[in-house]
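File shown: target33.txt (compact mmCIF, C-alpha atoms).
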```txt
# COMPACT_ATOMS: atom_id res chain seq x y z
CA MET N 394 37.27 11.09 -32.57
CA ALA N 395 38.89 8.43 -34.72
CA SER N 396 39.76 6.39 -31.67
CA MET N 397 36.16 6.67 -30.47
CA ALA N 398 34.81 5.49 -33.82
CA LYS N 399 37.27 2.62 -33.81
CA ALA N 400 36.19 1.64 -30.31
CA SER N 401 32.56 1.80 -31.39
CA ASN N 402 33.23 -0.49 -34.34
CA VAL N 403 35.06 -2.94 -32.13
CA THR N 404 32.14 -2.91 -29.70
CA SER N 405 29.65 -3.51 -32.51
CA LEU N 406 31.72 -6.40 -33.85
CA PHE N 407 32.01 -7.85 -30.38
CA LEU N 408 28.26 -7.57 -29.71
CA GLY N 409 27.45 -8.94 -33.14
CA GLY N 410 29.71 -11.91 -32.53
CA ALA N 411 28.15 -12.44 -29.12
CA CYS N 412 24.66 -12.40 -30.62
CA LYS N 413 25.62 -14.90 -33.31
CA GLU N 414 27.15 -17.15 -30.67
CA GLU N 415 24.01 -16.86 -28.57
CA ASN N 416 21.86 -17.77 -31.58
CA ARG N 417 23.96 -20.85 -32.26
CA LYS N 418 23.55 -21.93 -28.64
CA ASN N 419 19.80 -21.39 -28.82
CA GLU N 420 19.52 -23.50 -31.99
CA ALA N 421 21.50 -26.29 -30.40
CA MET N 422 19.38 -26.20 -27.25
CA ALA N 423 16.18 -26.20 -29.31
CA LYS N 424 17.20 -29.45 -30.99
CA LEU N 425 17.54 -30.96 -27.52
CA GLY N 426 14.10 -29.72 -26.48
CA PHE N 427 15.26 -26.63 -24.57
CA TYR N 428 14.32 -23.01 -25.30
CA SER N 429 16.08 -19.79 -24.48
CA SER N 430 14.69 -17.56 -21.77
CA TRP N 431 14.40 -14.66 -24.22
CA ASN N 432 11.98 -16.60 -26.40
CA LEU N 433 9.80 -17.21 -23.33
CA ILE N 434 9.59 -13.56 -22.31
CA LYS N 435 9.84 -11.85 -25.69
CA PRO N 436 7.06 -9.22 -25.76
CA LYS N 437 4.22 -9.34 -28.25
CA ARG N 438 3.70 -6.47 -30.63
CA LYS N 439 0.67 -5.18 -28.71
CA GLY N 440 0.59 -4.70 -24.97
CA LEU N 441 0.60 -2.06 -22.26
CA LEU N 442 2.69 1.07 -22.58
CA LEU N 443 3.37 2.90 -19.34
CA ILE N 444 3.73 6.60 -20.02
CA ALA N 445 6.15 7.98 -17.47
CA SER N 446 8.28 11.00 -16.79
CA ALA N 447 11.61 10.72 -15.05
CA LYS N 448 11.57 14.43 -14.34
CA ASN N 449 8.45 14.62 -12.20
CA PRO N 450 6.50 11.56 -11.01
CA HIS N 451 3.43 13.73 -10.35
CA ASN N 452 3.05 14.25 -14.08
CA LEU N 453 1.36 10.87 -14.32
CA ASP N 454 -2.30 11.75 -14.23
CA MET N 455 -4.37 9.31 -16.30
CA ILE N 456 -5.42 5.67 -15.98
CA ASN N 457 -7.27 4.26 -18.97
CA GLY N 458 -8.20 7.80 -19.85
CA ARG N 459 -9.26 8.86 -16.34
CA LYS N 460 -7.53 11.29 -14.00
CA VAL N 461 -6.78 9.61 -10.69
CA ASN N 462 -4.38 10.63 -7.92
CA GLY N 463 -1.66 11.63 -10.36
CA ILE N 464 -1.16 8.02 -11.49
CA SER N 465 -1.15 7.26 -15.20
CA ALA N 466 -1.23 4.12 -17.30
CA GLY N 467 -2.71 4.09 -20.78
CA GLU N 468 -3.10 1.21 -23.22
CA ALA N 469 -0.99 1.55 -26.36
CA PRO N 470 0.95 -0.76 -28.67
CA TYR N 471 4.56 -1.60 -27.97
CA THR N 472 7.12 -0.19 -30.33
CA GLU N 473 9.42 -3.09 -31.07
CA LYS N 474 12.74 -2.77 -32.85
CA LYS N 475 15.32 -5.51 -32.92
CA ASN N 476 13.88 -7.21 -29.85
CA THR N 477 13.93 -3.96 -27.88
CA VAL N 478 10.96 -2.43 -26.03
CA LEU N 479 10.96 1.35 -26.16
CA ILE N 480 9.52 3.37 -23.25
CA LYS N 481 7.90 6.61 -24.32
CA GLU N 482 8.45 9.68 -22.17
CA HIS N 483 5.63 12.15 -21.84
CA VAL N 484 5.51 15.37 -19.84
CA PRO N 485 1.99 16.86 -19.71
CA CYS N 486 1.46 20.56 -19.07
CA LYS N 487 1.35 21.99 -15.56
CA GLN N 488 -2.37 22.72 -15.89
CA ALA N 489 -3.19 19.04 -16.45
CA GLN N 490 -0.95 18.08 -13.53
CA ALA N 491 -2.70 20.50 -11.18
CA ALA N 492 -6.13 19.36 -12.29
CA SER N 493 -5.33 15.73 -11.57
CA LEU N 494 -4.00 16.49 -8.11
CA VAL N 495 -6.68 18.80 -6.75
CA GLY N 496 -9.85 18.03 -8.69
CA ARG N 497 -12.22 20.63 -10.11
CA PHE N 498 -15.28 22.75 -9.40
CA VAL N 499 -18.67 21.95 -10.92
CA GLU N 500 -22.13 23.52 -10.68
CA ASP N 501 -20.98 27.15 -10.72
CA ARG N 502 -18.17 26.42 -8.25
CA HIS N 503 -20.56 25.30 -5.52
CA VAL N 504 -19.53 21.64 -5.70
CA TYR N 505 -15.96 20.39 -5.62
CA ARG N 506 -15.25 17.04 -7.32
CA GLN N 507 -12.21 14.77 -7.08
CA THR N 508 -11.45 11.22 -8.17
CA PHE N 509 -9.36 8.62 -6.37
CA ILE N 510 -8.19 5.09 -7.02
CA ILE N 511 -8.41 2.64 -4.11
CA ARG N 512 -4.89 1.46 -3.25
CA SER N 513 -4.04 -2.02 -2.03
CA TYR N 514 -2.88 -0.65 1.34
CA GLU N 515 -6.25 1.08 1.81
CA THR N 516 -8.14 -2.21 1.93
CA GLY N 517 -8.75 -4.47 4.91
CA PRO N 518 -9.31 -8.18 5.58
CA ASP N 519 -12.46 -8.12 3.41
CA LYS N 520 -10.35 -6.95 0.45
CA THR N 521 -12.39 -3.74 0.32
CA ALA N 522 -11.75 -0.18 1.42
CA THR N 523 -12.12 0.37 5.16
CA MET N 524 -14.18 2.99 6.99
CA GLU N 525 -10.89 4.72 7.84
CA THR N 526 -10.03 4.87 4.13
CA LEU N 527 -13.36 6.48 3.31
CA MET N 528 -12.93 9.02 6.12
CA ASN N 529 -9.45 9.89 4.86
CA LEU N 530 -10.74 10.43 1.31
CA LEU N 531 -13.54 12.66 2.60
CA GLN N 532 -11.06 14.69 4.61
CA GLU N 533 -8.66 14.99 1.67
CA THR N 534 -11.43 16.23 -0.61
CA ALA N 535 -12.56 18.81 1.96
CA LEU N 536 -9.02 20.17 2.38
CA ASN N 537 -8.52 20.39 -1.37
CA HIS N 538 -11.86 22.16 -1.65
CA VAL N 539 -10.64 24.91 0.67
CA ARG N 540 -7.27 25.13 -1.05
CA SER N 541 -8.74 25.29 -4.55
CA SER N 542 -11.36 27.87 -3.60
CA GLY N 543 -8.73 30.56 -3.09
CA LEU N 544 -9.63 30.88 0.60
CA ALA N 545 -6.71 28.92 1.98
CA GLY N 546 -4.43 30.60 4.48
CA ASN N 547 -1.12 29.25 5.78
CA GLY N 548 -2.67 26.70 8.14
CA PHE N 549 -3.69 23.08 7.53
CA GLY N 550 -6.98 23.50 5.65
CA ALA N 551 -7.54 26.89 7.31
CA THR N 552 -8.95 29.94 5.57
CA ARG N 553 -7.14 33.28 5.57
CA GLU N 554 -9.24 34.61 8.46
CA MET N 555 -8.57 31.44 10.43
CA SER N 556 -4.83 31.79 9.84
CA LEU N 557 -4.86 35.43 10.97
CA ARG N 558 -6.76 34.54 14.13
CA LYS N 559 -4.88 31.26 14.70
CA LEU N 560 -8.05 29.17 14.52
CA ILE N 561 -8.49 25.55 13.44
CA TRP N 562 -11.55 23.61 12.32
CA VAL N 563 -13.40 22.03 15.25
CA VAL N 564 -15.49 19.09 14.08
CA THR N 565 -18.39 18.32 16.41
CA ARG N 566 -20.16 15.43 14.66
CA ILE N 567 -19.90 13.32 11.51
CA HIS N 568 -22.23 10.67 10.13
CA VAL N 569 -21.34 8.26 7.31
CA GLN N 570 -23.61 5.77 5.53
CA VAL N 571 -22.06 3.10 3.30
CA GLU N 572 -24.08 1.22 0.70
CA ARG N 573 -21.09 -0.61 -0.74
CA TYR N 574 -17.33 -0.62 -0.14
CA SER N 575 -15.00 -0.29 -3.12
CA CYS N 576 -12.34 -2.87 -3.93
CA TRP N 577 -8.65 -2.49 -4.72
CA GLY N 578 -8.24 -0.72 -8.06
CA ASP N 579 -11.74 0.74 -8.14
CA VAL N 580 -12.03 4.41 -9.04
CA VAL N 581 -14.34 6.58 -6.95
CA GLU N 582 -15.61 10.10 -7.54
CA ILE N 583 -16.28 12.35 -4.56
CA ASP N 584 -18.43 15.49 -4.52
CA THR N 585 -18.39 17.86 -1.55
CA TRP N 586 -20.08 21.14 -0.69
CA VAL N 587 -20.90 23.29 2.35
CA ASP N 588 -23.94 25.03 3.83
CA ALA N 589 -24.99 26.80 7.00
CA ALA N 590 -26.16 24.70 9.96
CA GLY N 591 -27.83 26.86 12.55
CA LYS N 592 -26.28 30.07 13.84
CA ASN N 593 -22.76 28.99 14.74
CA ALA N 594 -22.07 25.91 12.63
CA MET N 595 -21.32 24.89 9.07
CA ARG N 596 -22.39 21.61 7.51
CA ARG N 597 -20.21 19.84 4.96
CA ASP N 598 -21.70 17.06 2.85
CA TRP N 599 -20.16 14.42 0.63
CA ILE N 600 -21.32 11.76 -1.78
CA ILE N 601 -19.03 9.05 -3.14
CA ARG N 602 -19.87 7.45 -6.49
CA ASP N 603 -18.45 4.47 -8.32
CA TYR N 604 -16.73 6.19 -11.24
CA ASN N 605 -17.77 3.63 -13.84
CA THR N 606 -21.42 3.15 -12.89
CA GLN N 607 -22.05 6.55 -11.23
CA GLU N 608 -23.82 4.64 -8.45
CA ILE N 609 -23.78 6.51 -5.12
CA ILE N 610 -22.09 4.16 -2.68
CA THR N 611 -21.44 6.43 0.33
CA ARG N 612 -23.06 9.52 1.84
CA ALA N 613 -21.67 11.63 4.67
CA THR N 614 -22.39 14.83 6.56
CA ARG N 615 -20.30 16.73 9.10
CA LEU N 616 -20.98 19.59 11.50
CA THR N 617 -18.23 22.10 12.30
CA LYS N 618 -18.15 25.13 14.58
CA ILE N 619 -17.49 28.29 12.58
CA PRO N 620 -16.64 31.83 13.83
CA GLU N 621 -18.52 34.80 12.38
CA GLN N 622 -15.46 36.12 10.50
CA VAL N 623 -14.93 32.77 8.78
CA ARG N 624 -18.62 32.48 7.89
CA GLU N 625 -18.33 35.64 5.80
CA GLU N 626 -15.55 34.01 3.79
CA VAL N 627 -17.42 30.80 2.98
CA ILE N 628 -20.96 32.14 2.45
CA PRO N 629 -20.40 32.51 -1.32
CA PHE N 630 -19.81 28.74 -1.48
CA TYR N 631 -22.95 27.71 0.43
CA LEU N 632 -25.25 25.31 -1.41
CA ASN N 633 -28.72 24.48 -0.13
CA ARG N 634 -28.49 20.74 -0.64
CA ILE N 635 -28.21 17.71 1.66
CA ALA N 636 -26.42 14.43 1.01
CA ILE N 637 -28.54 12.46 3.51
CA ALA N 638 -32.29 12.94 3.70
CA GLU N 639 -33.40 14.28 7.07
CA GLU N 640 -35.50 11.20 7.87
CA LYS N 641 -32.49 8.95 7.23
CA ASN N 642 -29.90 11.02 9.05
CA ASP N 643 -28.63 9.93 12.47
CA ILE N 644 -29.31 12.99 14.62
CA GLY N 645 -30.25 11.12 17.78
CA LYS N 646 -28.49 11.39 21.09
CA ILE N 647 -25.56 9.06 21.69
CA ASP N 648 -25.73 7.81 25.26
CA LYS N 649 -22.67 7.69 27.47
CA LEU N 650 -21.01 4.39 28.24
CA THR N 651 -19.68 3.66 31.72
CA ASP N 652 -17.90 0.79 33.42
CA GLU N 653 -21.32 -0.42 34.55
CA ASN N 654 -23.09 -0.63 31.17
CA ALA N 655 -20.14 -1.34 28.85
CA GLU N 656 -19.94 -4.94 27.66
CA ARG N 657 -16.33 -4.72 26.49
CA ILE N 658 -13.46 -2.44 27.51
CA ARG N 659 -10.09 -2.30 25.79
CA SER N 660 -7.42 -0.38 27.73
CA GLY N 661 -3.86 0.71 27.04
CA LEU N 662 -4.40 2.25 23.61
CA ALA N 663 -1.47 4.59 22.99
CA PRO N 664 -1.30 7.19 20.18
CA ARG N 665 1.86 7.13 18.11
CA TRP N 666 3.78 9.97 16.51
CA SER N 667 2.41 8.92 13.12
CA ASP N 668 -1.15 9.37 14.46
CA MET N 669 -0.64 13.14 14.84
CA ASP N 670 -1.95 15.63 12.30
CA ALA N 671 -0.43 18.96 11.29
CA ASN N 672 -2.01 20.62 14.34
CA GLN N 673 -0.22 18.20 16.70
CA HIS N 674 -3.51 16.52 17.63
CA VAL N 675 -4.49 12.94 16.97
CA ASN N 676 -6.06 12.77 13.50
CA ASN N 677 -9.79 12.23 14.09
CA VAL N 678 -9.82 9.35 11.58
CA LYS N 679 -7.52 7.41 13.93
CA TYR N 680 -10.29 7.26 16.51
CA ILE N 681 -12.22 4.81 14.34
CA GLY N 682 -9.57 2.12 14.61
CA TRP N 683 -9.45 2.46 18.41
CA ILE N 684 -13.24 2.35 18.65
CA LEU N 685 -13.31 -0.90 16.68
CA GLU N 686 -10.72 -2.44 19.02
CA SER N 687 -13.49 -3.17 21.54
CA VAL N 688 -16.00 -4.57 19.01
CA PRO N 689 -16.43 -8.38 19.29
CA MET N 690 -14.26 -10.27 16.81
CA ASP N 691 -17.18 -12.30 15.45
CA VAL N 692 -18.96 -9.04 14.56
CA LEU N 693 -15.90 -7.78 12.68
CA GLU N 694 -15.57 -11.07 10.80
CA GLU N 695 -19.23 -11.80 9.99
CA HIS N 696 -20.74 -8.31 9.54
CA ARG N 697 -20.08 -5.16 7.54
CA LEU N 698 -20.02 -1.69 9.04
CA THR N 699 -22.78 0.18 7.17
CA SER N 700 -23.16 3.33 9.26
CA MET N 701 -21.07 5.24 11.77
CA THR N 702 -21.73 8.40 13.73
CA LEU N 703 -19.00 10.10 15.75
CA GLU N 704 -19.56 12.88 18.27
CA TYR N 705 -16.29 14.59 19.19
CA ARG N 706 -15.89 15.84 22.77
CA ARG N 707 -12.24 16.86 23.12
CA GLU N 708 -8.83 16.64 21.45
CA CYS N 709 -6.28 13.93 22.14
CA ARG N 710 -2.48 14.19 22.10
CA LYS N 711 0.36 11.71 21.86
CA SER N 712 0.96 11.63 25.62
CA ASN N 713 -2.59 10.40 26.38
CA LEU N 714 -3.42 6.76 27.08
CA LEU N 715 -6.90 5.71 25.92
CA GLU N 716 -9.68 3.22 26.66
CA SER N 717 -12.26 1.93 24.17
CA LEU N 718 -15.72 0.88 25.43
CA THR N 719 -18.43 -0.89 23.43
CA SER N 720 -21.90 -2.19 24.20
CA SER N 721 -25.00 -3.22 22.31
CA THR N 722 -27.19 -0.13 22.03
CA ALA N 723 -30.20 -2.09 23.33
CA ASN N 724 -28.31 -2.63 26.59
CA VAL N 725 -27.43 1.05 26.95
CA THR N 726 -30.83 2.71 26.52
CA GLU N 727 -34.48 1.77 26.52
CA ASP N 728 -35.48 4.65 24.21
CA SER N 729 -36.46 3.02 20.92
CA ASN N 730 -36.49 6.44 19.19
CA ASN N 731 -32.93 7.24 20.22
CA ASN N 732 -31.57 6.59 16.71
CA SER N 733 -33.62 8.51 14.17
CA ASN N 734 -32.15 7.19 10.93
CA ASN N 735 -35.02 4.73 10.40
CA ARG N 736 -32.79 2.08 8.84
CA LYS N 737 -32.94 -1.50 9.96
CA ALA N 738 -29.53 -2.82 10.91
CA ASP N 739 -28.78 -6.35 12.06
CA LEU N 740 -26.63 -5.02 14.91
CA GLU N 741 -26.21 -1.62 16.54
CA TYR N 742 -23.51 -0.65 19.03
CA THR N 743 -22.72 2.34 21.20
CA HIS N 744 -19.07 3.28 21.75
CA LEU N 745 -16.95 5.54 23.89
CA LEU N 746 -13.31 6.51 23.59
CA ARG N 747 -11.98 8.09 26.79
CA MET N 748 -8.79 9.03 28.63
CA GLN N 749 -7.56 6.15 30.74
CA ASP N 750 -6.32 8.26 33.66
CA ASP N 751 -9.24 10.64 34.33
CA MET N 752 -11.93 9.01 32.11
CA ALA N 753 -12.52 12.27 30.22
CA GLU N 754 -14.57 11.64 27.07
CA ILE N 755 -12.92 12.01 23.68
CA VAL N 756 -15.49 10.54 21.27
CA ARG N 757 -18.95 9.04 21.58
CA ALA N 758 -19.99 6.90 18.64
CA ARG N 759 -22.71 4.69 17.25
CA SER N 760 -22.26 1.97 14.62
CA GLU N 761 -24.62 -0.17 12.54
CA TRP N 762 -23.75 -3.53 11.03
CA GLN N 763 -25.31 -5.90 8.51
CA SER N 764 -24.64 -9.62 8.18
CA LYS N 765 -22.44 -10.60 5.25
CA ASP N 766 -24.54 -13.75 4.73
CA LYS N 767 -27.92 -12.01 4.60
CA HIS N 768 -26.96 -9.05 2.43
CA SER N 769 -25.26 -9.11 -0.98
CA TRP N 770 -22.57 -6.58 -1.79
```

I'd like the structure from this file rewritten - as structure tokens, please.
Amino acid sequence: MASMAKASNVTSLFLGGACKEENRKNEAMAKLGFYSSWNLIKPKRKGLLLIASAKNPHNLDMINGRKVNGISAGEAPYTEKKNTVLIKEHVPCKQAQAASLVGRFVEDRHVYRQTFIIRSYETGPDKTATMETLMNLLQETALNHVRSSGLAGNGFGATREMSLRKLIWVVTRIHVQVERYSCWGDVVEIDTWVDAAGKNAMRRDWIIRDYNTQEIITRATRLTKIPEQVREEVIPFYLNRIAIAEEKNDIGKIDKLTDENAERIRSGLAPRWSDMDANQHVNNVKYIGWILESVPMDVLEEHRLTSMTLEYRRECRKSNLLESLTSSTANVTEDSNNNSNNRKADLEYTHLLRMQDDMAEIVRARSEWQSKDKHSW
């Protein structure tokens, strides 16, 4: 112990001497018009304190007082002592951690609500979130809804009855309307709920709000086939409410594109291993990127995608090679009442994603676009 104390004293004397020597050098350099690097980067007394835990990174669950994606950064003064910045360690309780990761129920457990922060890698060339990002957030909220409800089985988003019967969700149609895309760093709040849709289907609705203004910036609705046994499980969660008014919803037929009426065809689209979901099928969000591959470049650059409807026909696997077809809707059909959403878009396109070898349909789609110059965002 004595030798350790002696070594400590020697170290302190050495460091003290080094500091004095450094100070003398700094004073000499200052007289010559130079300044030490420490003086340039020395922190002020007030700044940003990042509250972190080395034990579990998921414990970070607040940003400026808001729960978002398990990321936390709160404003607080620096604690400065002898030119040293101290980092405070904070480990919140498990309940707070769980709440930040999976959201919460509101309105008597009929509505599930979750907040997200838009990441830099979720934005596109316009510096805003992409349609794929929005679809991923909707899907994530839906899966967490099932998991948090107590219905989850051992499958990917499946209920207990679905797991017992080895069933998966089969999405037939989804429609998304975007009023405004969020930017990097924006916080969004997503509400989702479910309701019956006819005899053999379930409808899931979403609304996305800007967290700060509570402005609704996106609405979406999805139809899913549902077996009788699964319906009994989810009936207690049904809510008679719609995210998109019936007169504004796109329920019209999506016409089929062919080699004869398609204006643009992009071939050789190959799914990658990273495009697969937990069911070994191509994630349905991936289809959007392939659909947009055949959209004219000037449309992508000069317009914003404000509405998209996808009608799923069959699953796709990694071994399949795909083709993307696009044409102006006016050139595909002469039925002016084909699209029933009653919104006026600057451009409207019909799309088809199909197998390249046998031309089997995977997804039919319709998109609406508004000029960036004519419309403010």

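Of the residues under consideration (N:Gln507, N:Glu686, N:Arg634, N:Arg710), N:Arg710 shows the shortest atom-to-atom contact distance to Ser667 in chain N when counting only C-alpha atoms.
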
query = Within 10 Å of Asn593 in chain N, counting all atoms listed in the file, which residues qualify if same-chain residues fewer than 6 places away don't, as a list in words?
reply = Thr617, Lys618, Ile619, Pro620, Glu621 and Arg624 of chain N

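Considering only C-alpha atoms, the residue among N:Ala738, N:Val564, N:Ile600, N:Leu714 positioned nearest to Asp751 in chain N is N:Leu714.
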
inquiry  = Using Å and a single decimal, report how far CA of Leu650 in chain N sits from CA of Leu693 in chain N.
reply    = 20.4 Å

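Computed from the coordinates, the CA of Trp683 in chain N to CA of Glu716 in chain N distance equals 8.3 Å.
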
key: Pick from N:Thr585, N:Ser575, N:Asn676, N:Thr743, whichever lies nearest to Thr534 in chain N using all atoms listed in the file   = N:Thr585

key: Straight-line distance linking CA of Lys711 in chain N with CA of Met748 in chain N, stated in Å to one decimal   = 11.7 Å

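Across N:Leu527, N:Leu718, N:Ala636, N:Val571, the tightest approach to Asn654 in chain N is made by N:Leu718 when counting all atoms listed in the file.
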
inquiry  = List the spatial neighbours of Asp670 in chain N as a PyMOL selection string - criterion: any atom at most 12 Å away, only C-alpha atoms, same-chain residues fewer than 6 positions off excluded.
reply    = chain N and resi 532+548-550+561+664+676-679+708-711

task = For Tyr514 in chain N, please output as number ranges by chain all residues within 12 Å (counting all atoms listed in the file; exclusion window: fewer than 3 positions along the same chain).
result = N: 510-511, 517-518, 520-523, 525-526, 576-578

Please provide as a PDB file with C-alpha atoms, in the coordinates of the input all residues within 10 Å of Ser542 in chain N, with the sequence filter that same-chain residues fewer than 4 positions apart are discarded (counting only C-alpha atoms).
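The result, written out as result_25.pdb:
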```pdb
ATOM      1  CA  ARG N 497     -12.220  20.630 -10.110  1.00  0.00           C
ATOM      2  CA  PHE N 498     -15.280  22.750  -9.400  1.00  0.00           C
ATOM      3  CA  ARG N 502     -18.170  26.420  -8.250  1.00  0.00           C
ATOM      4  CA  HIS N 503     -20.560  25.300  -5.520  1.00  0.00           C
ATOM      5  CA  TYR N 505     -15.960  20.390  -5.620  1.00  0.00           C
ATOM      6  CA  ASN N 537      -8.520  20.390  -1.370  1.00  0.00           C
ATOM      7  CA  HIS N 538     -11.860  22.160  -1.650  1.00  0.00           C
ATOM      8  CA  THR N 552      -8.950  29.940   5.570  1.00  0.00           C
ATOM      9  CA  VAL N 627     -17.420  30.800   2.980  1.00  0.00           C
ATOM     10  CA  PHE N 630     -19.810  28.740  -1.480  1.00  0.00           C
TER      11      PHE N 630
END
```

Option closest in space to Val504 in chain N, from N:Arg553, N:Arg597, N:Arg707, N:Arg558 [counting all atoms listed in the file] = N:Arg597

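Considering only C-alpha atoms, the residue among N:Asn529, N:Gln570, N:Gly543, N:Gly591 positioned nearest to Glu515 in chain N is N:Asn529.
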
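With only the atoms specified (all atoms listed in the file) counting, those residues at most 9 Å away from (-23.8, 1.9, 17.6) are Ile647, Ser700, Met701, Thr702, Thr719, Ser720, Ser721, Thr722, Leu740, Glu741, Tyr742, Thr743, His744, Ala758, Arg759, Ser760, Glu761 and Trp762 of chain N.
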
Identify, on the basis of only C-alpha atoms, every residue whose closest approach to Asp766 in chain N does not exceed 12 Å; exclude the query and any residue fewer than 4 positions from it along the same chain; express the result as a short mmCIF file (atom, residue, chain, number, x, y, z; two decimals) with C-alpha atoms, keeping the file's coordinate frame.
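Below is the file that was written, result-v4.cif:
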```cif
data_model
loop_
_atom_site.label_atom_id
_atom_site.label_comp_id
_atom_site.auth_asym_id
_atom_site.auth_seq_id
_atom_site.Cartn_x
_atom_site.Cartn_y
_atom_site.Cartn_z
CA GLU N 694 -15.57 -11.07 10.80
CA GLU N 695 -19.23 -11.80 9.99
CA HIS N 696 -20.74 -8.31 9.54
CA ARG N 697 -20.08 -5.16 7.54
CA ASP N 739 -28.78 -6.35 12.06
CA TRP N 770 -22.57 -6.58 -1.79
#
```

Some atoms are missing, so please complete range 714-720 of chain N with all heavy atoms and return it as a compact mmCIF listing (two decimals), in the coordinates of the input.
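File produced: out_36.txt:
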```
# COMPACT_ATOMS: atom_id res chain seq x y z
N LEU N 714 -3.13 8.18 27.17
CA LEU N 714 -3.42 6.76 27.08
C LEU N 714 -4.94 6.61 27.06
O LEU N 714 -5.64 7.24 27.86
CB LEU N 714 -2.82 6.00 28.26
CG LEU N 714 -2.46 4.53 28.05
CD1 LEU N 714 -1.46 4.36 26.91
CD2 LEU N 714 -1.92 3.93 29.33
N LEU N 715 -5.46 5.74 26.17
CA LEU N 715 -6.90 5.71 25.92
C LEU N 715 -7.53 4.36 26.28
O LEU N 715 -6.84 3.34 26.37
CB LEU N 715 -7.18 6.01 24.44
CG LEU N 715 -6.46 7.22 23.83
CD1 LEU N 715 -6.82 7.35 22.37
CD2 LEU N 715 -6.81 8.49 24.59
N GLU N 716 -8.87 4.42 26.46
CA GLU N 716 -9.68 3.22 26.66
C GLU N 716 -10.83 3.25 25.66
O GLU N 716 -11.43 4.29 25.42
CB GLU N 716 -10.23 3.15 28.08
CG GLU N 716 -9.21 2.75 29.12
CD GLU N 716 -9.83 2.55 30.49
OE1 GLU N 716 -10.80 3.28 30.82
OE2 GLU N 716 -9.36 1.67 31.23
N SER N 717 -11.16 2.08 25.11
CA SER N 717 -12.26 1.93 24.17
C SER N 717 -13.34 1.07 24.80
O SER N 717 -13.07 -0.05 25.24
CB SER N 717 -11.76 1.30 22.86
OG SER N 717 -12.83 1.03 21.97
N LEU N 718 -14.59 1.60 24.84
CA LEU N 718 -15.72 0.88 25.43
C LEU N 718 -16.77 0.63 24.36
O LEU N 718 -17.04 1.51 23.53
CB LEU N 718 -16.35 1.67 26.57
CG LEU N 718 -15.56 1.83 27.88
CD1 LEU N 718 -14.40 2.79 27.73
CD2 LEU N 718 -16.49 2.31 28.99
N THR N 719 -17.38 -0.54 24.39
CA THR N 719 -18.43 -0.89 23.43
C THR N 719 -19.53 -1.68 24.12
O THR N 719 -19.26 -2.51 25.00
CB THR N 719 -17.86 -1.73 22.26
OG1 THR N 719 -17.06 -0.89 21.42
CG2 THR N 719 -18.98 -2.33 21.41
N SER N 720 -20.77 -1.43 23.71
CA SER N 720 -21.90 -2.19 24.20
C SER N 720 -23.01 -2.16 23.17
O SER N 720 -23.13 -1.21 22.39
CB SER N 720 -22.42 -1.61 25.52
OG SER N 720 -23.47 -2.42 26.05
```
